[in-house]
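Visitor: One structure is given below, represented as structure tokens, and several questions about it will come after.
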Amino acid sequence: MTNFALISILVLVALGCLLALLHRRGEETPIVVAQGDCATCDGTPQAKCEQECMMEAAVRPVEYFDDEELDAYRGRPSDAYTDDEAEQFRDVMLTMRQDEIPVWGRSLNLRGISLPDQVKDDYMLLVTGQ
């Protein structure tokens, strides 16, 4: 590649960057109005807010709740846990505030960890506040 070709490419790249910056400067930043937050989801599978929160959570880093040891269960089906293993999940869950529990459930889901069947009823009771 000749020096002329290399300089031409660099000039075109610089010009493109300059145009992109000028174009962005002219744009207004849209204002996004929040319509509730993920803490208001009741955990029911058909809840629209649950879907929106899952989509929002999927683009953010996974949030951990001092439960890194549960990553060892990634990929295990929910009906394949021993009672002792399920108790590890219950112990973590019972150390949380009620508003953290749905977020923890989404964290497990995003990490590919199924909640043990033995814990699901307790989880739903805590999520729904009953």
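We label chains A, B, ... in the order they appear in the structure tokens, count residues from 1 in each chain, and number ligands from 1 in the order shown.
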Using DSSP on the backbone, list every residue of stretch 66-121 of chain A that comes out as alpha helix (DSSP H), and give them as a ChimeraX atom specification.

Guide: /A:83-93,101-110,117-121

Visitor: What is the distance, in Å and to one decimal place, between atom CA of A:Pro116 and atom CA of A:Val59?

Guide: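 So the two atoms, atom CA of A:Pro116 and atom CA of A:Val59, lie 25.4 Å apart.
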
Visitor: Quick one: residues within 12 Å of A:Ile101, only C-alpha atoms counted, chain neighbours fewer than 2 positions away excluded, as a ChimeraX atom specification?

Guide: /A:38-43,63-65,89-90,92-99,103-108,120,122-129

Visitor: Write out as number ranges by chain which residues come within 9 Å of A:Tyr73 when counting only C-alpha atoms, dropping same-chain ones fewer than 6 positions away.

Guide: A: 81, 112-114

Visitor: So how many Å separate atom CA of A:Arg111 and atom CA of A:Thr82, to one decimal?

Guide: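 Here the two named atoms are 20.0 Å from each other.
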
Visitor: Which value, in Å to one decimal, gives the distance between atom CA of A:Ser78 and atom CA of A:Asp117?

Guide: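 Here the two named atoms are 5.4 Å from each other.
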
Visitor: With only C-alpha atoms as the atoms that count, which of A:Asp91, A:Asp71, A:Asp66, A:Asp83 lies nearest to A:Leu110?

Guide: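 That would be A:Asp71, the residue with the smallest distance to A:Leu110.
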